[in-house]
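Trainee: Next up is a structure, given as structure tokens.
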Amino acid sequence: MLILSPLEQFQIVSLFSIKLGKLDFSITNSLLISIITLVCFSSIIYLSSSSKNLANKPSFFFVPNPWQILIESVYELITQLISDLISTRSERYFPFISVLFTYILFHNLIGLIPYSFTTTSHLVITFTLSFSTFIGINIICFKKHNIHMFSLFLPANTTFFLAILLVPIEFISYISKPISLGVRLFINLMAGHSLLKVIVGFSWSMVLLENFQSLGFVIPLFILVLLMGLELGVALIQTYVFVTLVCIYLNEGEILH
């Protein structure tokens with residue numbers, strides 16, 4: 001059955017209802033896709049480390065296979081990104097940034113599969129990622145700089161009267177960072193998937209209208225292929241942008257600049 005509305009693909013649907021009293025532990029399509037994402041990522045790790053070392057434990061190949069090359073390329077990109085954007089103690093953030101990058105990337109890519117579900121197209125997911133990251137950054141910043149953390153809201157060598165104007169502006173700009181971070185990811189993915197659904201519906205209507213007797217339906221199908229390529233680019237770019245901004249915020253918390 002075809003989805004009638006472009007927004008129906010974002011509905012969270014209960015697949016298996018599990019209720020204990022007033023607690024709802026139902027398995028939804030969002031949870032199912034998250035489990036599939038975890039299985040896919042674990043499978044890639046297993047395929048890239050199926051050799052055994054001297055201790056008879058899984059290890060990576062000395063001559064990498066294609067799966068290992070893929071993982072090494074992703075982590076090399078993350079390492080370069082962290083070293084370029086975080087000026088001090090950058091290596092300590094590698095585990096967190098790598099997990100965040102792979103989480104968003106895999107969810108974005110799996111969401112491109114037809115009749116799948118894009119968890120990162122939900123505002124509650126993107127806000128959870130952005131606000132939890134932002135809270136962690138503030139904890140790190142306060143732990144390192146204590147009361148000097150508030151110098152983020154007051155540029156150096158600022159007069160008193162100018163500070164009265166700048167501090168509220170800087171404060172609003174600062175607290176809006178997690179909002180813009182979450183909304184950017186949510187909007188780009190939701191808008192792209194909605195546009196794909198509209199084009200798919202239009203293509204199907206053209207097929208039924210022409211009854212396969214002409215090539216009129218080829219044009220919207222060709223546009224659909226181009227949009228799929230564009231959505232793939234958006235999925236990759238938005239992952240990179242999200243992680244890049246997180247690294248910039250971490251660097252600001254480290255050096256108060």
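Every chain in the structure tokens has a letter given in the order shown (A, B, ...), and although residue numbers restart at 1 in each chain, ligands are simply numbered from 1 in the order shown.
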Show me, as a count of residues only, the residues that have an atom within 10 Å of Gly182 of chain A when counting only C-alpha atoms, minus same-chain residues fewer than 2 positions from it.
Mentor: 21
Trainee: As a PyMOL selection string, please: every residue in segment 127-172 of chain A that a backbone DSSP assignment puts in alpha helix (DSSP H).
Mentor: chain A and resi 127-145+160-172
Trainee: Out of segment 19-183 of chain A, which residues get strand (DSSP E) from DSSP, as a ChimeraX atom specification?
Mentor: /A:19-20,23-24,27-28,51-52,58-59
Trainee: Excluding same-chain residues fewer than 4 positions from Ile223 of chain A, what lies within 10 Å of it counting only C-alpha atoms, as a PyMOL selection string?
Mentor: chain A and resi 196+199-200+203+218-219+227-229
Trainee: Using only C-alpha atoms, which residue out of A:Ile169, A:Leu181, A:Ile140, A:Val243 lies closest to Arg89 of chain A?
Mentor: A:Ile140
Trainee: Record the distance separating atom CA of Ser98 of chain A and atom CA of Ile78 of chain A, expressed in Å with one decimal.
Mentor: 6.4 Å
Trainee: How many Å lie between atom CA of Pro95 of chain A and atom CA of Tyr46 of chain A, rounded to one decimal?
Mentor: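 Separation of atom CA of Pro95 of chain A and atom CA of Tyr46 of chain A: 18.6 Å.
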Trainee: Find the distance between atom CA of Ile172 of chain A and atom CA of Gln238 of chain A and write it in Å to one decimal.
Mentor: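 Interatomic distance, atom CA of Ile172 of chain A to atom CA of Gln238 of chain A: 24.0 Å.
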